[in-house]
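Dropping structure-v4.cif in here (mmCIF, C-alpha atoms):
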data_structure
#
loop_
_atom_site.label_atom_id
_atom_site.label_comp_id
_atom_site.auth_asym_id
_atom_site.auth_seq_id
_atom_site.Cartn_x
_atom_site.Cartn_y
_atom_site.Cartn_z
CA MET D 9 120.85 73.46 120.79
CA ILE D 10 123.68 72.99 123.31
CA LEU D 11 125.20 76.34 122.36
CA THR D 12 121.85 78.05 122.78
CA ALA D 13 121.31 76.50 126.19
CA ILE D 14 124.75 77.56 127.39
CA CYS D 15 124.27 81.12 126.12
CA VAL D 16 120.86 81.49 127.75
CA LEU D 17 122.12 80.07 131.03
CA ALA D 18 125.09 82.41 131.05
CA ALA D 19 122.87 85.38 130.31
CA SER D 20 120.45 84.55 133.09
CA CYS D 21 123.15 84.31 135.79
CA SER D 22 125.49 87.16 134.95
CA SER D 23 129.11 86.71 136.02
CA ALA D 24 132.52 88.32 135.70
CA GLN D 25 132.77 86.64 132.31
CA ASP D 26 129.88 88.66 130.95
CA VAL D 27 130.25 91.63 128.66
CA VAL D 28 127.95 94.08 130.43
CA LEU D 29 126.19 96.33 127.95
CA ALA D 30 123.92 98.23 130.35
CA GLU D 31 123.28 98.28 134.10
CA ARG D 32 120.32 99.99 135.72
CA GLY D 33 121.27 103.00 137.80
CA HIS D 34 124.67 103.43 136.13
CA SER D 35 125.60 105.94 133.45
CA ALA D 36 126.32 104.48 130.03
CA SER D 37 129.92 103.37 129.60
CA VAL D 38 129.18 101.35 126.47
CA GLN D 39 129.03 102.71 122.95
CA VAL D 40 127.05 101.43 119.98
CA VAL D 41 129.40 101.79 117.04
CA ASN D 42 127.83 101.97 113.60
CA CYS D 43 130.68 100.71 111.44
CA SER D 44 128.55 101.01 108.30
CA PRO D 45 126.95 104.49 108.39
CA GLY D 46 126.02 104.23 104.70
CA CYS D 47 123.86 101.15 105.35
CA PRO D 48 120.25 102.05 106.28
CA THR D 49 119.75 98.80 108.16
CA ALA D 50 122.84 99.42 110.30
CA VAL D 51 121.46 102.84 111.20
CA HIS D 52 118.08 101.30 112.06
CA ALA D 53 119.73 98.42 113.94
CA ALA D 54 121.51 100.95 116.17
CA GLU D 55 118.20 102.73 116.81
CA GLU D 56 116.40 99.50 117.65
CA LEU D 57 119.19 98.31 119.94
CA THR D 58 119.43 101.56 121.92
CA ASN D 59 115.64 101.86 122.13
CA TYR D 60 115.15 98.38 123.58
CA VAL D 61 118.17 98.55 125.88
CA ALA D 62 116.61 101.71 127.32
CA LYS D 63 113.31 99.86 127.79
CA LEU D 64 115.13 96.94 129.44
CA THR D 65 117.42 98.85 131.80
CA GLY D 66 116.64 102.56 131.59
CA VAL D 67 120.11 103.18 130.16
CA VAL D 68 120.43 105.10 126.89
CA LEU D 69 123.51 103.96 124.98
CA PRO D 70 125.23 106.53 122.76
CA VAL D 71 125.63 105.77 119.04
CA VAL D 72 129.00 106.76 117.56
CA SER D 73 130.90 106.19 114.34
CA GLU D 74 134.18 105.27 116.06
CA ALA D 75 134.77 103.65 119.44
CA LYS D 76 136.91 105.39 122.04
CA ASP D 77 140.03 103.58 123.10
CA GLY D 78 139.31 101.20 125.94
CA ALA D 79 135.54 101.61 125.75
CA VAL D 80 133.24 98.60 125.58
CA ALA D 81 131.61 98.67 122.14
CA VAL D 82 128.71 97.06 120.38
CA SER D 83 129.95 97.13 116.79
CA LEU D 84 127.40 96.86 113.98
CA VAL D 85 128.77 95.84 110.59
CA CYS D 86 126.64 95.67 107.45
CA ASP D 87 128.16 93.57 104.68
CA GLY D 88 126.19 93.74 101.45
CA ARG D 89 127.79 90.62 100.00
CA GLY D 90 126.52 87.05 100.21
CA ASN D 91 123.35 85.98 102.01
CA GLY D 92 121.52 89.17 102.95
CA ASP D 93 119.85 87.57 105.99
CA ALA D 94 122.87 85.86 107.56
CA PHE D 95 124.66 87.28 110.58
CA GLU D 96 127.37 86.36 113.06
CA LEU D 97 127.73 87.38 116.71
CA THR D 98 131.01 87.38 118.61
CA SER D 99 132.04 88.86 121.94
CA ASP D 100 135.20 89.37 123.95
CA ALA D 101 136.34 91.67 126.71
CA ARG D 102 136.32 94.62 124.31
CA GLY D 103 132.65 94.24 123.47
CA VAL D 104 130.19 92.63 121.07
CA ARG D 105 130.31 92.50 117.29
CA ILE D 106 127.20 91.92 115.17
CA ALA D 107 128.01 91.54 111.48
CA GLY D 108 125.57 90.57 108.77
CA GLY D 109 124.11 91.15 105.36
CA VAL D 110 121.75 93.88 104.30
CA ARG D 111 119.07 92.46 106.62
CA GLY D 112 121.33 90.26 108.73
CA VAL D 113 122.84 93.06 110.82
CA LEU D 114 119.32 94.03 111.91
CA TYR D 115 118.35 90.41 112.55
CA GLY D 116 121.47 90.01 114.68
CA VAL D 117 120.33 92.86 116.91
CA TYR D 118 116.89 91.30 117.30
CA ASP D 119 118.52 87.95 118.10
CA VAL D 120 120.62 89.55 120.87
CA LEU D 121 117.57 91.28 122.34
CA GLU D 122 115.57 88.03 122.32
CA ARG D 123 118.34 85.69 123.39
CA PHE D 124 119.95 87.76 126.15
CA GLY D 125 117.27 90.31 127.01
CA GLY D 126 114.15 88.14 126.90
CA VAL D 127 112.42 90.56 124.52
CA ARG D 128 109.47 89.08 122.63
CA TRP D 129 107.32 90.47 119.84
CA TYR D 130 103.87 88.85 119.83
CA SER D 131 102.07 91.28 117.53
CA SER D 132 102.39 94.82 116.20
CA TRP D 133 100.70 96.05 119.38
CA CYS D 134 101.92 93.56 122.00
CA GLU D 135 105.53 93.03 123.04
CA LYS D 136 107.31 91.77 126.14
CA VAL D 137 110.32 93.76 127.42
CA PRO D 138 111.30 92.56 130.92
CA ALA D 139 112.74 95.07 133.35
CA ALA D 140 116.37 94.08 133.90
CA GLU D 141 119.02 95.23 136.33
CA ARG D 142 121.70 94.25 133.83
CA PHE D 143 121.83 93.47 130.13
CA SER D 144 124.86 91.44 129.11
CA VAL D 145 126.29 88.98 126.62
CA PRO D 146 128.57 86.13 127.73
CA GLU D 147 132.19 86.75 126.85
CA GLY D 148 133.38 84.31 124.20
CA THR D 149 129.99 84.06 122.51
CA ASP D 150 130.55 83.02 118.90
CA TYR D 151 127.72 81.85 116.69
CA SER D 152 126.20 82.57 113.32
CA GLU D 153 122.82 82.14 111.69
CA ARG D 154 121.97 81.54 108.04
CA PRO D 155 118.25 81.08 107.38
CA ALA D 156 117.19 77.91 105.57
CA PHE D 157 114.56 79.76 103.55
CA ARG D 158 115.63 82.72 101.42
CA MET D 159 112.13 84.24 101.59
CA ARG D 160 109.82 84.01 104.60
CA LEU D 161 106.24 85.30 104.60
CA PRO D 162 103.65 83.87 107.01
CA TYR D 163 100.39 85.13 105.54
CA TRP D 164 99.11 86.86 108.70
CA ILE D 165 97.28 90.19 108.42
CA ASP D 166 99.23 91.80 111.29
CA ILE D 167 102.52 90.99 109.57
CA LEU D 168 101.32 92.12 106.15
CA ASN D 169 100.22 95.50 107.51
CA HIS D 170 103.17 96.34 109.78
CA ALA D 171 106.66 96.29 108.30
CA ASP D 172 108.46 97.04 111.60
CA PHE D 173 106.77 94.08 113.29
CA ALA D 174 107.48 91.86 110.27
CA ALA D 175 111.17 92.74 110.33
CA ARG D 176 111.40 91.94 114.05
CA LEU D 177 110.10 88.45 113.22
CA ARG D 178 112.65 88.21 110.34
CA VAL D 179 109.89 88.20 107.72
CA ASN D 180 111.33 89.39 104.41
CA GLY D 181 108.63 88.86 101.79
CA HIS D 182 106.33 91.35 100.08
CA LEU D 183 103.92 93.10 102.43
CA ARG D 184 101.03 95.52 102.13
CA ASP D 185 103.13 97.84 104.29
CA PRO D 186 106.33 97.35 102.26
CA LEU D 187 109.68 96.64 103.86
CA GLN D 188 111.73 99.83 103.62
CA PRO D 189 115.50 100.29 103.11
CA ARG D 190 115.86 100.48 106.90
CA HIS D 191 114.53 96.91 107.03
CA GLY D 192 116.79 95.79 104.18
CA GLY D 193 113.88 95.56 101.74
CA PRO D 194 112.36 92.24 100.62
CA ALA D 195 114.44 89.20 99.74
CA TYR D 196 113.26 89.35 96.14
CA GLN D 197 112.37 92.16 93.78
CA LEU D 198 108.89 91.25 92.59
CA ASP D 199 107.88 92.16 89.07
CA LYS D 200 105.69 95.27 88.92
CA LYS D 201 103.42 94.14 86.12
CA PHE D 202 101.74 90.88 87.12
CA GLY D 203 101.96 90.76 90.91
CA PHE D 204 102.63 88.12 93.52
CA SER D 205 100.07 85.43 92.69
CA HIS D 206 97.07 84.38 90.52
CA THR D 207 98.66 85.67 87.33
CA PHE D 208 96.96 83.72 84.55
CA ASN D 209 94.34 86.43 83.96
CA PHE D 210 97.06 89.06 83.72
CA LEU D 211 99.26 87.09 81.37
CA VAL D 212 96.39 86.12 79.07
CA PRO D 213 93.42 88.42 79.85
CA PRO D 214 90.04 86.94 78.91
CA ALA D 215 88.77 90.41 77.98
CA GLU D 216 91.47 90.64 75.33
CA PHE D 217 91.17 87.14 73.84
CA LYS D 218 87.73 85.71 74.64
CA ASP D 219 86.28 86.62 71.24
CA SER D 220 89.30 86.01 69.02
CA HIS D 221 90.81 83.02 70.83
CA PRO D 222 88.39 81.27 73.20
CA GLU D 223 90.55 78.16 72.78
CA TYR D 224 93.15 79.84 75.03
CA PHE D 225 90.88 79.21 78.03
CA SER D 226 89.44 76.26 79.93
CA ALA D 227 87.12 73.79 78.33
CA ILE D 228 84.56 72.65 80.89
CA GLY D 229 81.81 70.21 80.03
CA GLY D 230 82.82 70.33 76.38
CA LYS D 231 82.53 74.12 76.14
CA ARG D 232 85.17 76.86 76.31
CA VAL D 233 84.49 79.31 79.15
CA THR D 234 85.94 82.81 79.45
CA GLU D 235 84.61 83.83 82.88
CA ARG D 236 86.19 82.46 86.05
CA THR D 237 88.44 80.50 83.76
CA GLN D 238 91.97 79.16 83.73
CA LEU D 239 94.24 78.67 80.73
CA CYS D 240 94.40 75.76 78.31
CA LEU D 241 97.96 74.80 79.14
CA THR D 242 98.44 72.32 76.31
CA ASN D 243 97.74 74.98 73.69
CA PRO D 244 101.11 75.90 72.12
CA GLU D 245 99.91 79.44 71.37
CA VAL D 246 99.22 79.99 75.07
CA PHE D 247 102.77 78.90 75.86
CA ASP D 248 104.24 81.27 73.25
CA LEU D 249 102.07 84.16 74.46
CA VAL D 250 103.00 83.69 78.12
CA VAL D 251 106.71 83.49 77.30
CA ARG D 252 106.51 86.60 75.13
CA ARG D 253 104.68 88.63 77.76
CA LEU D 254 107.09 87.56 80.48
CA ARG D 255 110.01 88.62 78.31
CA GLU D 256 108.34 91.99 77.76
CA ALA D 257 107.83 92.42 81.51
CA ILE D 258 111.44 91.48 82.23
CA ALA D 259 112.68 94.01 79.68
CA GLU D 260 110.53 96.71 81.30
CA ASN D 261 111.65 95.83 84.83
CA PRO D 262 115.08 94.16 84.57
CA GLU D 263 115.83 94.46 88.29
CA ALA D 264 112.94 92.13 89.17
CA ASP D 265 114.12 88.63 90.06
CA MET D 266 110.86 86.94 91.07
CA TYR D 267 107.75 86.21 88.99
CA ALA D 268 104.57 84.33 89.79
CA LEU D 269 103.16 81.72 87.43
CA ALA D 270 100.00 80.66 89.18
CA HIS D 271 96.42 79.87 88.28
CA ASN D 272 93.55 82.16 89.15
CA ASP D 273 91.85 82.12 92.54
CA TYR D 274 89.33 79.32 91.88
CA LYS D 275 89.06 75.88 90.27
CA ASN D 276 87.84 75.43 86.66
CA TRP D 277 91.01 73.85 85.26
CA CYS D 278 90.89 72.94 81.60
CA GLU D 279 89.23 69.63 80.69
CA CYS D 280 89.90 69.61 76.97
CA ALA D 281 90.96 66.23 75.57
CA LYS D 282 94.70 66.97 75.73
CA CYS D 283 94.69 68.52 79.20
CA LYS D 284 92.41 65.82 80.61
CA ALA D 285 94.56 63.02 79.25
CA ILE D 286 97.69 64.39 80.96
CA ASN D 287 95.97 65.08 84.26
CA ASP D 288 94.15 61.74 84.31
CA ALA D 289 97.34 59.81 83.55
CA ALA D 290 99.04 61.52 86.49
CA ASP D 291 95.95 61.27 88.71
CA ASN D 292 96.55 64.96 89.41
CA PRO D 293 94.45 67.90 88.13
CA GLY D 294 97.48 70.18 88.45
CA MET D 295 99.83 68.13 86.28
CA THR D 296 99.37 70.27 83.17
CA GLU D 297 100.25 73.33 85.25
CA PHE D 298 103.41 71.78 86.68
CA LEU D 299 104.58 70.80 83.20
CA PHE D 300 103.63 74.16 81.71
CA VAL D 301 105.45 76.17 84.37
CA ASN D 302 108.60 74.07 84.03
CA ARG D 303 108.60 74.64 80.26
CA VAL D 304 108.18 78.39 80.70
CA VAL D 305 110.93 78.56 83.31
CA ALA D 306 113.33 76.60 81.09
CA GLU D 307 112.66 79.00 78.22
CA ILE D 308 113.14 82.18 80.28
CA ALA D 309 116.25 80.70 81.91
CA ARG D 310 118.00 80.85 78.56
CA GLU D 311 118.36 84.60 79.07
CA ARG D 312 117.72 85.05 82.82
CA PRO D 313 118.71 81.99 84.86
CA ASP D 314 118.72 84.17 87.98
CA ILE D 315 114.96 84.72 88.02
CA ILE D 316 112.87 82.71 90.48
CA PHE D 317 109.38 81.64 89.45
CA LYS D 318 106.69 80.94 92.01
CA LEU D 319 103.94 78.36 91.53
CA SER D 320 101.31 78.12 94.27
CA ALA D 321 100.43 74.82 95.92
CA TYR D 322 96.82 75.96 95.98
CA VAL D 323 93.37 74.47 95.29
CA TYR D 324 94.07 71.90 92.54
CA THR D 325 97.89 72.18 92.55
CA ARG D 326 98.24 71.10 96.19
CA LYS D 327 98.99 67.49 95.31
CA PRO D 328 102.72 67.03 94.55
CA PRO D 329 103.37 65.59 91.10
CA LYS D 330 104.98 62.16 90.85
CA ASP D 331 108.23 61.67 88.97
CA LEU D 332 108.73 65.36 88.25
#
Same coordinates, now as structure tokens:
Amino acid sequence: MILTAICVLAASCSSAQDVVLAERGHSASVQVVNCSPGCPTAVHAAEELTNYVAKLTGVVLPVVSEAKDGAVAVSLVCDGRGNGDAFELTSDARGVRIAGGVRGVLYGVYDVLERFGGVRWYSSWCEKVPAAERFSVPEGTDYSERPAFRMRLPYWIDILNHADFAARLRVNGHLRDPLQPRHGGPAYQLDKKFGFSHTFNFLVPPAEFKDSHPEYFSAIGGKRVTERTQLCLTNPEVFDLVVRRLREAIAENPEADMYALAHNDYKNWCECAKCKAINDAADNPGMTEFLFVNRVVAEIARERPDIIFKLSAYVYTRKPPKDL
């Protein structure tokens, strides 16, 4: 917090110690150097930076692949290793360097525009870009950012439908308007077969098994139901079937590293004797699901420990399980 306060203060009262990147009424003497021309996000980061600097000051900065000797440079470096969202910002008398992962270099540009230019993105159709006489970064700035959450996706319709806006807010989940290579793509590669959530009906479709195996589905009021149903998660055949179908999906789409294991979009959890005993003992209607998912994950992890599984804290799985 202290570093942020110092940086903002220095930016708001420009001094001889500032690295001036643009000044209204003056021709551009600063170059944006794309040090990673093969990285789509570095290319897009350069476009976003020059576009918003022009909005701020009226100055259009040139984008080059190599800086001229003695010129002030904004160097953009895309490093594909490590945390894809992390970035670091440094500055000295020679210019500013923004280095980051496949998304981080773009996030670093947005951070600079927000922190030192006062730019704000409120929605896909509303942004704040103050008119500035000078856009600068304090000399000696040195900080880095590494997000605490590997995937971020506020479920807001404007974000879901506008990838450019989502990227500016550092949202990196799966959208209706998908994040493109210029945004660095999503943090995870979602499987193409079952989708992002509510997967029980896809893993064990009632239409396929309701006649031959009604015991795969919820018992409610002493009767198995196959419409608006969940799975009987204490049935060992259900476990084997889910594991088998996940393994088939992984073989078909080996690059995917995130799968959803989540109940359907309503209640109707199984109340058979075995399921009810477990849930009642835990005083939690989602306990059978927590146990089931952990068993599935442990089984898949034998071959693919890198895969992340998502369980939704939703409807009857909102209550955290005790001692698990």
Item to check | Coordinates-based distance that separates CA of Asn261 (chain D) from CA of Leu241 (chain D) (Å, one decimal) | outcome: 25.7 Å
Next on the checklist: I need the residue nearest Pro45 (chain D) from this list: D:Asp26, D:Glu31, D:Glu74, D:Glu311. Use only C-alpha atoms for the distance.
Outcome noted: D:Glu74
Item to check | Option closest in space to Lys76 (chain D), from D:Gln25, D:Ser37, D:Ser44, D:Asn91 [counting all atoms listed in the file] | outcome: D:Ser37
Item to check | Nearby residues (all atoms listed in the file) at most 8 Å from Leu269 (chain D), same-chain spacing under 6 positions excluded, as a VMD selection string | outcome: chain D and resid 205 to 208 301 317 to 320
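Near region 193-201 of chain D, within a cut-off of 6 Å and counting all atoms listed in the file, sit the residues Met159, Asn180, Gly181, Leu187, Gln188, Pro189, Ala264, Asp265, Met266 and Tyr267 of chain D, with same-chain residues fewer than 4 positions away left out.
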Next on the checklist: Selection in question (the file shown): the PyMOL selection byres ((chain D and resi 245-251) around 10). Which residues does it include, as number ranges by chain?
Outcome noted: D: 208, 210-212, 221, 223-225, 239-244, 252-257, 269, 300-301, 303-305, 307-308
Item to check | Near-Ala79 (chain D) list (12 Å; all atoms listed in the file; drop same-chain fewer than 5 positions) as a list in words | outcome: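 Listing them by chain and then by number gives Val27, Val28, Leu29, Ala36, Ser37, Val38, Gln39, Val40, Val41, Pro70, Val72, Glu74, Ala101, Arg102, Gly103 and Val104 of chain D.
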Item to check | Coordinates-based distance that separates CA of Ala107 (chain D) from CA of Val68 (chain D) (Å, one decimal) | outcome: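 Between CA of Val68 (chain D) and CA of Ala107 (chain D) the gap works out to 21.9 Å.
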Item to check | Distance of CA of Gly108 (chain D) from CA of Leu168 (chain D), expressed in Å to one decimal place | outcome: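 Here the two named atoms are 24.4 Å from each other.
Using the PyMOL selection byres ((chain D and resi 282) around 10) on the file at hand returns these residues: D:Cys240, D:Leu241, D:Thr242, D:Asn243, D:Cys278, D:Glu279, D:Cys280, D:Ala281, D:Cys283, D:Lys284, D:Ala285, D:Ile286, D:Asn287, D:Thr296.
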Run the PyMOL selection byres ((chain D and resi 51) around 12) against the file shown and list the residues it catches, as a PDB file with C-alpha atoms, in the frame of the given file.
ATOM      1  CA  VAL D  40     127.050 101.430 119.980  1.00  0.00           C
ATOM      2  CA  VAL D  41     129.400 101.790 117.040  1.00  0.00           C
ATOM      3  CA  ASN D  42     127.830 101.970 113.600  1.00  0.00           C
ATOM      4  CA  CYS D  43     130.680 100.710 111.440  1.00  0.00           C
ATOM      5  CA  SER D  44     128.550 101.010 108.300  1.00  0.00           C
ATOM      6  CA  PRO D  45     126.950 104.490 108.390  1.00  0.00           C
ATOM      7  CA  GLY D  46     126.020 104.230 104.700  1.00  0.00           C
ATOM      8  CA  CYS D  47     123.860 101.150 105.350  1.00  0.00           C
ATOM      9  CA  PRO D  48     120.250 102.050 106.280  1.00  0.00           C
ATOM     10  CA  THR D  49     119.750  98.800 108.160  1.00  0.00           C
ATOM     11  CA  ALA D  50     122.840  99.420 110.300  1.00  0.00           C
ATOM     12  CA  HIS D  52     118.080 101.300 112.060  1.00  0.00           C
ATOM     13  CA  ALA D  53     119.730  98.420 113.940  1.00  0.00           C
ATOM     14  CA  ALA D  54     121.510 100.950 116.170  1.00  0.00           C
ATOM     15  CA  GLU D  55     118.200 102.730 116.810  1.00  0.00           C
ATOM     16  CA  GLU D  56     116.400  99.500 117.650  1.00  0.00           C
ATOM     17  CA  LEU D  57     119.190  98.310 119.940  1.00  0.00           C
ATOM     18  CA  THR D  58     119.430 101.560 121.920  1.00  0.00           C
ATOM     19  CA  VAL D  71     125.630 105.770 119.040  1.00  0.00           C
ATOM     20  CA  VAL D  72     129.000 106.760 117.560  1.00  0.00           C
ATOM     21  CA  SER D  73     130.900 106.190 114.340  1.00  0.00           C
ATOM     22  CA  SER D  83     129.950  97.130 116.790  1.00  0.00           C
ATOM     23  CA  LEU D  84     127.400  96.860 113.980  1.00  0.00           C
ATOM     24  CA  VAL D  85     128.770  95.840 110.590  1.00  0.00           C
ATOM     25  CA  CYS D  86     126.640  95.670 107.450  1.00  0.00           C
ATOM     26  CA  VAL D 110     121.750  93.880 104.300  1.00  0.00           C
ATOM     27  CA  ARG D 111     119.070  92.460 106.620  1.00  0.00           C
ATOM     28  CA  VAL D 113     122.840  93.060 110.820  1.00  0.00           C
ATOM     29  CA  LEU D 114     119.320  94.030 111.910  1.00  0.00           C
ATOM     30  CA  VAL D 117     120.330  92.860 116.910  1.00  0.00           C
ATOM     31  CA  PRO D 189     115.500 100.290 103.110  1.00  0.00           C
ATOM     32  CA  ARG D 190     115.860 100.480 106.900  1.00  0.00           C
ATOM     33  CA  HIS D 191     114.530  96.910 107.030  1.00  0.00           C
ATOM     34  CA  GLY D 192     116.790  95.790 104.180  1.00  0.00           C
TER      35      GLY D 192
END
Item to check | Expected residue set, 9 Å radius at (87.4, 88.2, 79.9), only C-alpha atoms, as number ranges by chain | outcome: D: 209, 213-219, 234-237
Item to check | Test item: residues at most 12 Å from Ile167 (chain D), all atoms listed in the file, excluding those fewer than 5 positions along its chain, as a list in words | outcome: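 The residues that qualify are Trp129, Tyr130, Ser131, Ser132, Trp133, Arg160, Leu161, Pro162, Asp172, Phe173, Ala174, Ala175, Arg176, Leu177, Arg178, Val179, Asn180, Gly181, His182, Leu183, Arg184, Asp185, Pro186 and Leu187 of chain D.
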Next on the checklist: Using only C-alpha atoms and a cutoff of 10 Å, can you tell me which residues are near (118.5, 95.0, 124.3) in the file's coordinates, and write them out as a list of chain:residue names?
Outcome noted: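 Residues satisfying the cut-off, written out: D:Leu29, D:Ala30, D:Glu56, D:Leu57, D:Thr58, D:Asn59, D:Tyr60, D:Val61, D:Ala62, D:Lys63, D:Leu64, D:Thr65, D:Val117, D:Tyr118, D:Asp119, D:Val120, D:Leu121, D:Glu122, D:Arg123, D:Phe124, D:Gly125, D:Gly126, D:Val127, D:Val137, D:Ala140, D:Phe143, D:Ser144.
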Checklist entry - Between D:Ile106, D:Ala268, D:Ala94, D:Ala306, which is the closest to Pro155 (chain D) once you count all atoms listed in the file? => result D:Ala94
Mind rebuilding region 166-181 of chain D with N, CA and C atoms and writing that out as an mmCIF file, in the coordinates of the input?
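What follows is the written file result.cif:
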data_model
loop_
_atom_site.group_PDB
_atom_site.id
_atom_site.type_symbol
_atom_site.label_atom_id
_atom_site.label_comp_id
_atom_site.auth_asym_id
_atom_site.auth_seq_id
_atom_site.Cartn_x
_atom_site.Cartn_y
_atom_site.Cartn_z
ATOM 1 N N ASP D 166 98.465 90.870 110.463
ATOM 2 C CA ASP D 166 99.230 91.800 111.290
ATOM 3 C C ASP D 166 100.653 91.967 110.756
ATOM 4 N N ILE D 167 101.202 90.898 110.191
ATOM 5 C CA ILE D 167 102.520 90.990 109.570
ATOM 6 C C ILE D 167 102.439 91.770 108.265
ATOM 7 N N LEU D 168 101.434 91.470 107.454
ATOM 8 C CA LEU D 168 101.320 92.120 106.150
ATOM 9 C C LEU D 168 101.167 93.624 106.272
ATOM 10 N N ASN D 169 100.545 94.085 107.366
ATOM 11 C CA ASN D 169 100.220 95.500 107.510
ATOM 12 C C ASN D 169 101.211 96.285 108.351
ATOM 13 N N HIS D 170 102.248 95.642 108.894
ATOM 14 C CA HIS D 170 103.170 96.340 109.780
ATOM 15 C C HIS D 170 104.600 95.881 109.518
ATOM 16 N N ALA D 171 105.312 96.675 108.731
ATOM 17 C CA ALA D 171 106.660 96.290 108.300
ATOM 18 C C ALA D 171 107.640 96.198 109.473
ATOM 19 N N ASP D 172 107.537 97.099 110.460
ATOM 20 C CA ASP D 172 108.460 97.040 111.600
ATOM 21 C C ASP D 172 108.288 95.738 112.369
ATOM 22 N N PHE D 173 107.041 95.340 112.599
ATOM 23 C CA PHE D 173 106.770 94.080 113.290
ATOM 24 C C PHE D 173 107.270 92.902 112.460
ATOM 25 N N ALA D 174 107.028 92.945 111.158
ATOM 26 C CA ALA D 174 107.480 91.860 110.270
ATOM 27 C C ALA D 174 108.995 91.704 110.337
ATOM 28 N N ALA D 175 109.708 92.812 110.296
ATOM 29 C CA ALA D 175 111.170 92.740 110.330
ATOM 30 C C ALA D 175 111.654 92.155 111.650
ATOM 31 N N ARG D 176 110.997 92.483 112.749
ATOM 32 C CA ARG D 176 111.400 91.940 114.050
ATOM 33 C C ARG D 176 111.216 90.436 114.118
ATOM 34 N N LEU D 177 110.284 89.898 113.309
ATOM 35 C CA LEU D 177 110.100 88.450 113.220
ATOM 36 C C LEU D 177 110.908 87.839 112.085
ATOM 37 N N ARG D 178 111.775 88.647 111.447
ATOM 38 C CA ARG D 178 112.650 88.210 110.340
ATOM 39 C C ARG D 178 111.841 87.774 109.125
ATOM 40 N N VAL D 179 110.691 88.408 108.921
ATOM 41 C CA VAL D 179 109.890 88.200 107.720
ATOM 42 C C VAL D 179 110.427 89.123 106.633
ATOM 43 N N ASN D 180 110.668 88.581 105.447
ATOM 44 C CA ASN D 180 111.330 89.390 104.410
ATOM 45 C C ASN D 180 110.648 89.289 103.048
ATOM 46 N N GLY D 181 109.372 88.933 103.049
ATOM 47 C CA GLY D 181 108.630 88.860 101.790
ATOM 48 C C GLY D 181 107.955 90.179 101.465
#
